[in-house]
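Note: the block below is data_34.cif and it holds mmCIF, C-alpha atoms.
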```cif
data_coords
#
loop_
_atom_site.label_atom_id
_atom_site.label_comp_id
_atom_site.auth_asym_id
_atom_site.auth_seq_id
_atom_site.Cartn_x
_atom_site.Cartn_y
_atom_site.Cartn_z
CA MET A 16 0.00 0.00 0.00
CA LYS A 17 1.32 3.41 -0.94
CA LYS A 18 2.32 5.53 2.05
CA ILE A 19 0.50 8.77 2.75
CA LYS A 20 2.97 11.62 2.30
CA VAL A 21 2.57 14.54 4.74
CA LEU A 22 4.56 17.73 4.26
CA THR A 23 4.48 19.85 7.43
CA ILE A 24 5.57 23.49 7.22
CA ILE A 25 6.32 25.61 10.29
CA THR A 26 7.63 29.18 10.15
CA ARG A 27 10.52 28.48 12.52
CA HIS A 28 11.67 26.19 15.32
CA ASN A 29 11.44 28.81 18.04
CA ILE A 30 10.98 27.51 21.57
CA GLY A 31 7.28 26.95 22.16
CA GLY A 32 4.24 24.75 21.82
CA ALA A 33 3.86 25.10 18.06
CA THR A 34 7.34 23.68 17.41
CA ILE A 35 6.83 20.88 19.91
CA GLN A 36 3.56 19.89 18.28
CA ALA A 37 4.96 19.99 14.74
CA ILE A 38 7.99 17.89 15.66
CA LEU A 39 6.12 15.34 17.77
CA SER A 40 3.33 14.84 15.27
CA SER A 41 5.79 14.55 12.36
CA SER A 42 8.10 12.11 14.12
CA ASN A 43 5.41 9.87 15.60
CA LEU A 44 3.07 9.31 12.68
CA ASN A 45 2.68 5.59 11.98
CA LYS A 46 5.70 4.86 9.79
CA ASN A 47 3.97 1.90 8.17
CA LYS A 48 1.33 4.25 6.75
CA TYR A 49 2.93 7.70 6.56
CA GLN A 50 5.97 9.36 5.05
CA SER A 51 6.63 12.64 6.85
CA ILE A 52 8.61 15.68 5.70
CA LEU A 53 9.10 18.69 7.98
CA VAL A 54 9.98 22.14 6.60
CA LYS A 55 11.19 25.01 8.76
CA GLY A 56 12.47 28.55 8.39
CA SER A 57 14.77 30.87 10.35
CA GLU A 58 14.46 31.88 13.99
CA GLY A 59 15.09 35.39 15.30
CA GLU A 60 18.27 36.09 17.26
CA ASP A 61 16.58 36.02 20.68
CA GLU A 62 14.02 33.26 20.05
CA GLY A 63 16.17 30.20 20.61
CA ASN A 64 15.51 27.10 18.55
CA MET A 65 14.49 23.49 19.04
CA ASP A 66 16.62 21.90 16.33
CA ASP A 67 18.25 19.62 18.94
CA PHE A 68 14.81 18.38 19.93
CA ALA A 69 14.04 17.61 16.27
CA ARG A 70 17.30 15.68 15.93
CA LYS A 71 16.50 13.65 19.05
CA LYS A 72 13.28 12.67 17.31
CA ARG A 73 15.28 11.73 14.18
CA ILE A 74 13.82 14.60 12.19
CA GLU A 75 16.08 16.46 9.76
CA PRO A 76 13.94 19.36 8.50
CA VAL A 77 14.13 20.89 5.06
CA PHE A 78 15.50 24.37 5.80
CA ILE A 79 14.24 27.43 3.91
CA LYS A 80 16.23 30.33 5.33
CA GLU A 81 14.03 33.03 3.75
CA LEU A 82 11.01 31.74 5.68
CA SER A 83 10.87 33.83 8.86
CA ARG A 84 8.51 35.74 11.10
CA GLU A 85 9.57 39.16 9.83
CA ILE A 86 7.82 40.64 6.81
CA SER A 87 10.16 41.13 3.84
CA LEU A 88 8.78 41.22 0.30
CA ARG A 89 11.98 39.82 -1.22
CA LYS A 90 12.43 37.04 1.33
CA ASP A 91 8.75 36.17 1.41
CA LEU A 92 8.60 35.83 -2.37
CA MET A 93 11.71 33.64 -2.35
CA ALA A 94 10.30 31.51 0.49
CA PHE A 95 7.03 31.14 -1.41
CA TRP A 96 8.83 30.07 -4.58
CA LYS A 97 10.91 27.49 -2.71
CA LEU A 98 7.81 26.11 -0.98
CA TYR A 99 5.97 25.90 -4.28
CA ARG A 100 8.84 24.04 -5.96
CA LEU A 101 9.18 21.67 -3.00
CA ILE A 102 5.49 20.82 -3.03
CA LYS A 103 5.52 20.27 -6.79
CA LYS A 104 8.54 17.99 -6.41
CA GLU A 105 7.35 15.95 -3.42
CA LYS A 106 3.66 15.78 -4.44
CA PRO A 107 2.42 15.35 -0.84
CA ASP A 108 -1.06 14.05 -0.15
CA ILE A 109 -1.37 16.50 2.75
CA VAL A 110 0.26 19.88 3.38
CA HIS A 111 -0.05 20.86 7.04
CA THR A 112 1.05 24.36 8.10
CA HIS A 113 1.79 25.85 11.53
CA LEU A 114 2.12 29.53 12.53
CA ALA A 115 1.05 32.61 10.58
CA LYS A 116 3.78 33.07 7.97
CA ALA A 117 3.98 29.39 7.06
CA GLY A 118 0.21 29.30 7.08
CA THR A 119 0.04 32.13 4.56
CA LEU A 120 2.84 31.23 2.15
CA GLY A 121 2.46 27.49 2.60
CA ARG A 122 -1.27 27.31 1.99
CA ILE A 123 -1.13 29.49 -1.13
CA ALA A 124 1.84 27.52 -2.49
CA ALA A 125 0.08 24.24 -1.73
CA LYS A 126 -3.08 25.36 -3.53
CA LEU A 127 -1.20 26.52 -6.62
CA ALA A 128 0.93 23.38 -6.61
CA GLY A 129 -2.16 21.19 -6.59
CA ALA A 130 -1.88 19.62 -3.11
CA PRO A 131 -5.04 17.53 -2.56
CA LEU A 132 -5.46 18.38 1.15
CA ILE A 133 -4.38 21.54 2.98
CA VAL A 134 -4.54 21.71 6.78
CA HIS A 135 -3.58 24.62 9.02
CA THR A 136 -3.19 24.70 12.82
CA PHE A 137 -3.84 27.92 14.73
CA HIS A 138 -1.59 28.05 17.80
CA GLY A 139 -2.88 31.43 18.85
CA ASN A 140 -4.21 34.30 16.85
CA LEU A 141 -2.89 37.68 15.80
CA PHE A 142 -6.29 39.38 15.81
CA HIS A 143 -5.77 41.24 19.08
CA GLU A 144 -2.98 42.31 21.46
CA TYR A 145 -0.18 41.89 18.89
CA PHE A 146 -0.69 44.80 16.50
CA ASP A 147 -2.68 48.01 16.08
CA SER A 148 -6.30 47.81 14.90
CA ILE A 149 -5.47 48.37 11.21
CA LYS A 150 -2.90 45.57 11.03
CA SER A 151 -5.15 43.28 13.06
CA ARG A 152 -8.01 43.88 10.63
CA LEU A 153 -5.76 43.14 7.64
CA ILE A 154 -4.60 39.90 9.22
CA LEU A 155 -8.18 38.91 10.00
CA ASN A 156 -9.28 39.52 6.41
CA LEU A 157 -6.29 37.56 5.12
CA GLU A 158 -7.19 34.59 7.32
CA ARG A 159 -10.75 34.66 6.01
CA LEU A 160 -9.37 34.44 2.48
CA LEU A 161 -6.93 31.68 3.39
CA MET A 162 -9.79 29.68 4.86
CA ARG A 163 -11.12 29.27 1.33
CA VAL A 164 -8.03 27.35 0.22
CA SER A 165 -7.89 25.27 3.42
CA THR A 166 -9.40 21.81 3.59
CA ARG A 167 -9.45 21.91 7.38
CA ILE A 168 -8.46 24.27 10.19
CA ILE A 169 -7.29 22.92 13.54
CA ALA A 170 -7.96 24.89 16.73
CA ILE A 171 -5.90 23.84 19.75
CA SER A 172 -8.62 24.60 22.29
CA HIS A 173 -12.41 24.76 22.35
CA SER A 174 -12.27 28.44 23.28
CA GLN A 175 -10.07 29.10 20.25
CA GLU A 176 -12.50 27.19 18.04
CA LYS A 177 -15.32 29.39 19.33
CA GLU A 178 -13.22 32.51 18.78
CA LEU A 179 -12.43 31.58 15.19
CA LEU A 180 -16.10 31.06 14.47
CA GLU A 181 -16.94 34.41 16.08
CA TYR A 182 -14.37 36.05 13.81
CA ARG A 183 -16.09 34.34 10.85
CA ILE A 184 -13.04 32.30 9.96
CA GLY A 185 -14.61 29.23 8.46
CA ASP A 186 -17.59 27.30 9.76
CA PRO A 187 -18.08 24.27 12.04
CA ARG A 188 -17.66 21.91 9.07
CA LYS A 189 -14.12 23.17 8.42
CA ILE A 190 -12.79 23.49 11.97
CA SER A 191 -11.61 20.62 14.18
CA CYS A 192 -10.40 20.98 17.76
CA ILE A 193 -7.23 19.02 18.50
CA PRO A 194 -5.58 20.17 21.75
CA LEU A 195 -1.81 20.20 22.19
CA GLY A 196 0.00 17.07 23.20
CA ILE A 197 3.48 16.94 24.72
CA GLU A 198 5.78 14.37 26.29
CA LEU A 199 4.47 14.35 29.84
CA ASP A 200 6.21 11.27 31.28
CA PRO A 201 9.31 13.17 32.52
CA PHE A 202 7.12 15.63 34.46
CA LEU A 203 5.15 12.84 36.15
CA THR A 204 8.26 11.88 38.13
CA SER A 205 9.70 15.38 38.54
CA GLU A 206 9.61 15.11 42.34
CA ASN A 207 12.62 12.79 42.03
CA ASN A 208 14.60 15.83 40.82
CA ARG A 209 13.87 18.07 43.78
CA GLY A 210 16.81 20.04 45.08
CA ILE A 211 18.86 20.13 41.89
CA PHE A 212 17.72 23.56 40.70
CA ARG A 213 17.61 25.05 44.20
CA GLY A 214 21.13 23.77 44.76
CA GLU A 215 22.27 25.56 41.62
CA LEU A 216 20.75 28.78 43.00
CA ASN A 217 22.00 28.16 46.57
CA LEU A 218 18.43 28.32 47.90
CA ASP A 219 17.13 26.10 50.68
CA ASN A 220 13.76 24.39 50.65
CA GLU A 221 12.09 27.01 52.84
CA VAL A 222 12.54 29.82 50.31
CA PRO A 223 9.28 30.35 48.33
CA LEU A 224 10.13 29.91 44.65
CA ILE A 225 7.78 31.31 42.01
CA GLY A 226 8.51 30.93 38.31
CA ILE A 227 7.35 32.15 34.93
CA VAL A 228 8.30 30.15 31.82
CA ALA A 229 7.79 32.17 28.63
CA ARG A 230 9.58 34.01 25.85
CA LEU A 231 10.44 37.59 26.84
CA VAL A 232 8.11 39.25 24.37
CA PRO A 233 5.27 41.75 24.92
CA ILE A 234 2.40 39.27 24.46
CA LYS A 235 3.58 37.27 27.49
CA GLY A 236 2.88 40.20 29.84
CA HIS A 237 6.04 40.05 31.95
CA ILE A 238 5.63 43.70 32.89
CA TYR A 239 2.51 42.76 34.88
CA PHE A 240 4.30 39.82 36.46
CA PHE A 241 7.11 42.11 37.61
CA LYS A 242 4.66 44.60 39.08
CA ALA A 243 2.99 41.71 40.91
CA VAL A 244 6.41 40.60 42.19
CA LYS A 245 6.83 44.00 43.86
CA ILE A 246 3.52 43.54 45.69
CA VAL A 247 4.21 39.93 46.72
CA SER A 248 7.73 40.71 47.94
CA GLU A 249 6.33 43.19 50.46
CA ASP A 250 4.56 40.29 52.23
CA PHE A 251 7.16 37.65 51.40
CA PRO A 252 10.56 39.39 51.20
CA GLU A 253 12.33 36.03 51.28
CA ALA A 254 10.58 34.80 48.10
CA ARG A 255 12.51 34.46 44.87
CA PHE A 256 11.06 34.81 41.37
CA ILE A 257 12.52 32.82 38.49
CA VAL A 258 12.29 34.02 34.88
CA ILE A 259 12.85 31.19 32.39
CA GLY A 260 13.16 32.27 28.75
CA ASN A 261 14.78 34.91 26.62
CA GLY A 262 13.73 37.42 24.01
CA GLU A 263 13.67 40.98 22.80
CA LEU A 264 12.55 42.41 26.17
CA ARG A 265 15.40 40.97 28.26
CA GLU A 266 17.24 44.27 28.80
CA GLU A 267 14.02 46.24 29.28
CA LEU A 268 12.79 43.79 31.91
CA GLU A 269 16.12 43.80 33.74
CA ASN A 270 15.89 47.60 33.89
CA LEU A 271 12.28 47.37 35.09
CA ALA A 272 13.34 45.05 37.92
CA SER A 273 15.85 47.67 39.03
CA GLU A 274 13.30 50.49 38.77
CA LEU A 275 10.77 48.55 40.84
CA GLY A 276 13.37 47.69 43.48
CA ILE A 277 12.96 43.94 43.02
CA LYS A 278 16.28 43.15 41.34
CA LYS A 279 17.56 41.17 44.31
CA CYS A 280 14.62 38.76 44.28
CA VAL A 281 14.30 38.22 40.50
CA ILE A 282 16.59 35.70 38.80
CA PHE A 283 16.86 35.65 34.99
CA CYS A 284 17.79 32.15 33.82
CA GLY A 285 17.44 32.42 30.04
CA PHE A 286 16.35 29.44 27.96
CA ARG A 287 16.74 26.12 29.76
CA ASP A 288 16.48 22.54 28.57
CA ASP A 289 16.22 21.07 32.08
CA LEU A 290 12.64 22.13 32.75
CA VAL A 291 11.89 18.97 34.72
CA ASN A 292 14.46 20.06 37.33
CA ILE A 293 13.04 23.58 37.38
CA TYR A 294 9.40 22.60 37.79
CA ALA A 295 10.44 20.13 40.49
CA ASP A 296 11.67 22.98 42.70
CA LEU A 297 9.08 25.66 41.96
CA ASP A 298 6.27 26.23 44.44
CA ILE A 299 4.07 28.18 42.01
CA VAL A 300 4.08 28.68 38.25
CA VAL A 301 2.72 31.95 36.83
CA LEU A 302 1.37 32.88 33.41
CA SER A 303 0.74 36.59 32.76
CA SER A 304 -0.03 36.49 29.02
CA LEU A 305 -2.31 38.90 27.20
CA ASN A 306 -3.23 36.32 24.56
CA GLU A 307 -2.66 32.56 24.41
CA GLY A 308 -3.64 29.54 22.43
CA PHE A 309 -2.92 26.67 24.81
CA PRO A 310 0.15 27.33 27.00
CA VAL A 311 2.65 24.49 27.19
CA SER A 312 4.16 25.87 30.40
CA ILE A 313 0.85 25.39 32.22
CA ILE A 314 0.45 21.82 30.93
CA GLU A 315 4.01 21.03 32.08
CA ALA A 316 3.48 22.69 35.47
CA LEU A 317 0.26 20.80 36.16
CA ALA A 318 1.83 17.52 35.05
CA ALA A 319 4.54 18.22 37.64
CA LYS A 320 1.78 18.81 40.25
CA LYS A 321 2.50 22.53 40.56
CA PRO A 322 -0.33 25.01 41.26
CA VAL A 323 -0.58 27.89 38.83
CA VAL A 324 -1.71 31.49 38.78
CA ALA A 325 -2.71 32.40 35.25
CA THR A 326 -4.45 35.13 33.30
CA ASP A 327 -7.84 34.14 31.92
CA VAL A 328 -7.01 34.33 28.20
CA GLY A 329 -7.40 31.98 25.24
CA GLY A 330 -7.57 28.32 26.18
CA VAL A 331 -6.15 28.80 29.69
CA LYS A 332 -9.49 28.22 31.43
CA GLU A 333 -9.63 24.75 29.85
CA LEU A 334 -6.52 23.91 31.92
CA VAL A 335 -6.84 26.11 34.99
CA GLU A 336 -10.07 25.72 36.89
CA ASP A 337 -10.21 28.51 39.46
CA LYS A 338 -9.62 27.22 43.00
CA VAL A 339 -9.39 23.66 41.68
CA THR A 340 -6.12 23.45 39.70
CA GLY A 341 -4.95 27.01 40.34
CA VAL A 342 -6.06 30.62 40.38
CA LEU A 343 -7.44 32.49 37.35
CA VAL A 344 -7.02 36.27 37.22
CA PRO A 345 -7.82 39.03 34.69
CA LYS A 346 -5.09 40.01 32.26
CA GLN A 347 -3.12 43.25 32.72
CA ASN A 348 -3.94 43.28 36.42
CA PRO A 349 -0.81 42.96 38.58
CA GLN A 350 -2.82 43.46 41.79
CA ARG A 351 -4.96 40.39 41.13
CA LEU A 352 -1.94 38.44 39.91
CA ALA A 353 -0.18 39.23 43.18
CA GLN A 354 -3.25 38.29 45.20
CA GLY A 355 -3.33 34.90 43.49
CA ILE A 356 0.33 34.23 44.31
CA ILE A 357 -0.11 35.37 47.92
CA TYR A 358 -3.21 33.18 48.29
CA LEU A 359 -1.24 30.07 47.32
CA LEU A 360 1.74 31.01 49.49
CA LYS A 361 -0.54 31.47 52.50
CA ASN A 362 -2.47 28.26 51.82
CA PRO A 363 0.16 25.58 51.11
CA GLN A 364 -2.25 22.68 51.62
CA LYS A 365 -4.63 24.10 49.04
CA ALA A 366 -1.70 24.72 46.71
CA LEU A 367 -0.71 21.06 47.10
CA ARG A 368 -4.26 19.92 46.34
CA PHE A 369 -4.47 22.18 43.29
CA GLY A 370 -1.28 20.59 41.97
CA GLU A 371 -2.63 17.09 42.47
CA ASN A 372 -5.86 18.04 40.73
CA GLY A 373 -3.83 19.58 37.93
CA ARG A 374 -1.98 16.36 37.15
CA LYS A 375 -5.27 14.51 36.83
CA LYS A 376 -6.47 17.27 34.53
CA VAL A 377 -3.60 17.09 32.03
CA TYR A 378 -2.54 13.45 32.09
CA PRO A 379 -3.20 11.54 29.91
CA ALA A 380 -5.49 14.08 28.19
CA PHE A 381 -2.60 16.21 26.90
CA ASP A 382 0.02 13.55 26.29
CA TYR A 383 1.57 13.43 22.82
CA THR A 384 0.19 9.94 22.14
CA ARG A 385 -3.32 11.37 22.16
CA LEU A 386 -2.20 14.20 19.86
CA VAL A 387 -0.74 11.81 17.29
CA SER A 388 -3.83 9.61 17.40
CA ASP A 389 -6.07 12.64 16.82
CA ILE A 390 -3.92 13.92 13.94
CA GLU A 391 -3.87 10.52 12.24
CA GLY A 392 -7.63 10.23 12.69
CA LEU A 393 -8.15 13.62 11.06
CA TYR A 394 -5.85 12.82 8.14
CA GLU A 395 -7.53 9.51 7.48
CA ASN A 396 -10.97 11.06 7.66
CA LEU A 397 -10.01 13.72 5.13
CA LEU A 398 -8.41 11.17 2.84
CA ALA A 399 -11.43 8.92 3.04
CA ARG A 400 -13.60 11.81 1.93
CA LEU A 401 -11.21 12.41 -0.93
CA ASN A 402 -11.53 8.72 -1.88
CA LYS A 403 -7.81 8.64 -2.61
CA PHE A 404 -6.68 5.79 -0.44
CA TYR A 405 -9.87 4.38 0.95
#
```
In structure tokens, write the structure found in this file.
Amino acid sequence: MKKIKVLTIITRHNIGGATIQAILSSSNLNKNKYQSILVKGSEGEDEGNMDDFARKKRIEPVFIKELSREISLRKDLMAFWKLYRLIKKEKPDIVHTHLAKAGTLGRIAAKLAGAPLIVHTFHGNLFHEYFDSIKSRLILNLERLLMRVSTRIIAISHSQEKELLEYRIGDPRKISCIPLGIELDPFLTSENNRGIFRGELNLDNEVPLIGIVARLVPIKGHIYFFKAVKIVSEDFPEARFIVIGNGELREELENLASELGIKKCVIFCGFRDDLVNIYADLDIVVLSSLNEGFPVSIIEALAAKKPVVATDVGGVKELVEDKVTGVLVPKQNPQRLAQGIIYLLKNPQKALRFGENGRKKVYPAFDYTRLVSDIEGLYENLLARLNKFY
């Protein structure tokens, strides 16, 4: 039987859920039925990349250097041409795109190259909080046009699916909800790693340790986290706040920590690949984002039985049930963010229970095996409708 060829295109391998999903789904498709090709572009200087993760999964992506997040007419045209030629050459049965730029260039190239099935996954949306109203409207109108060349759109949360429909991007017949899936097994035994990260920081077990794991970019709302830190540190001066990640705002946030007088209690750790050790030693994990699809950091934290304080945006409420698996707060509200952190610090037994509830919430529901099964099911359903293989 001829194998089903899937060509997956992602804008770049920056550190984040979209890259994890693209790599895991590409590498774990049933090799007796599928042939998988992954295409990636260039990361920004401060974004980090997950190429090592791809190699561990025995994935060697096709690299198109002109494919990047930044808008450049010359580079975008060259990236489009290379994608078009690649699709014509490989003749995939399915082209599956991830992230906005790949979703735009890849879907148009796939349509013109005659790809039978075109699938796109939304990992968030750019319709609010990223750009001014004019740019947001242009992006929204573009997505409505791209929907017409898409066989199926994947939303990564039910709230995102609802949002897409409210924005009139497609209809229920064209949208499927397939939540993220990640490798959760290492986080299920993270307690075995307790003390490693604290030892690196020379902190004993009694020091409250609160962490945020996110790229240092505006949409992640670190400014509100830092303002909350100032409030929390007044009640808990011994607490330490860990910032995992890097990005364009690193210098600005370091300056903000100094201005707020919290420099001594904030520790910038950059990108880390030992997140199991880090989650093992955190008491609370915080998310302060202004817009989210389905945050990987929260799934990882809950799998590690850590309570979370998170802004109520995107698909977060599908993970964080207020006063059950953590505390939900409004976005752009450092006072409420601080209150949530203080509540957990003052109620350690409740924090412990929230963490236990959280693990039950995310495992096995958000394990990568479920993701791969869902993706394969979708592909086979679409192919059956096409009457190509079935």
Using the chain letters and numbers from this file, what does the PyMOL selection byres ((chain A and resi 357) around 12) select? Give the answer as an MDAnalysis selection string. chainID A and resid 223 225 243:252 254 298:299 301 323:324 342 350:356 358:363 366
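Checking A:Ile52, A:Ile123, A:Ile133, A:Ile102 one by one against Tyr394 in chain A, counting only C-alpha atoms, you find the shortest gap at A:Ile133.
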Going by the chain IDs and residue numbers used in this file, which residues fall under the PyMOL selection byres ((chain A and resi 266-277) around 8)? Write them as a ChimeraX atom specification. /A:237-238,241-242,244-245,248,263-265,278-281
CA of Val377 in chain A and CA of Glu315 in chain A are how many Å apart?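 Atom-to-atom, CA of Val377 in chain A and CA of Glu315 in chain A are spaced 8.6 Å apart.
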Give as a PyMOL selection string every residue, naming chains and numbers as the document does, that has an atom within 12 Å of (-0.3, 18.2, 39.1), counting only C-alpha atoms. chain A and resi 199+202-206+294-295+298-300+313-323+334-335+339-341+366-379
As an exercise, work out the distance from CA of Ile30 in chain A to CA of Met65 in chain A in Å and give it to one decimal place. 5.9 Å
Since I can't run it myself right now, could you work out what the PyMOL selection byres ((chain A and resi 227) around 8) selects here and report it as an mmCIF file with C-alpha atoms, in the coordinates of the input?
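Result file out09.cif:
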```cif
data_model
loop_
_atom_site.group_PDB
_atom_site.id
_atom_site.type_symbol
_atom_site.label_atom_id
_atom_site.label_comp_id
_atom_site.auth_asym_id
_atom_site.auth_seq_id
_atom_site.Cartn_x
_atom_site.Cartn_y
_atom_site.Cartn_z
ATOM 1 C CA ILE A 225 7.780 31.310 42.010
ATOM 2 C CA GLY A 226 8.510 30.930 38.310
ATOM 3 C CA VAL A 228 8.300 30.150 31.820
ATOM 4 C CA ALA A 229 7.790 32.170 28.630
ATOM 5 C CA PHE A 256 11.060 34.810 41.370
ATOM 6 C CA ILE A 257 12.520 32.820 38.490
ATOM 7 C CA VAL A 258 12.290 34.020 34.880
ATOM 8 C CA ILE A 259 12.850 31.190 32.390
ATOM 9 C CA VAL A 300 4.080 28.680 38.250
ATOM 10 C CA VAL A 301 2.720 31.950 36.830
ATOM 11 C CA LEU A 302 1.370 32.880 33.410
#
```
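Among A:Ile282, A:Leu114, A:Val344, A:Leu401, the residue with the shortest atom-to-atom distance to Gly260 in chain A, counting all atoms listed in the file, is A:Ile282.
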Contacts of range 381-392 of chain A at 9 Å (only C-alpha atoms; same-chain gap of 4+ positions) as a count of residues only: 20
Mind pulling up the distance from CA of Gly329 in chain A to CA of Leu297 in chain A? 24.3 Å
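Distances here use only C-alpha atoms; by that measure, the residue among A:Arg159, A:Lys104, A:His113, A:Lys80 closest to His138 in chain A is A:His113.
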Enclose range 167-178 of chain A, meaning all of its atoms listed in the file, in a box aligned along x, y and z, pad it by 6 Å on each side, and list the centre and edge lengths in Å to one decimal, as lines of an AutoDock Vina configuration file.
```
center_x = -10.6
center_y = 27.2
center_z = 15.3
size_x = 21.4
size_y = 22.6
size_z = 27.9
```
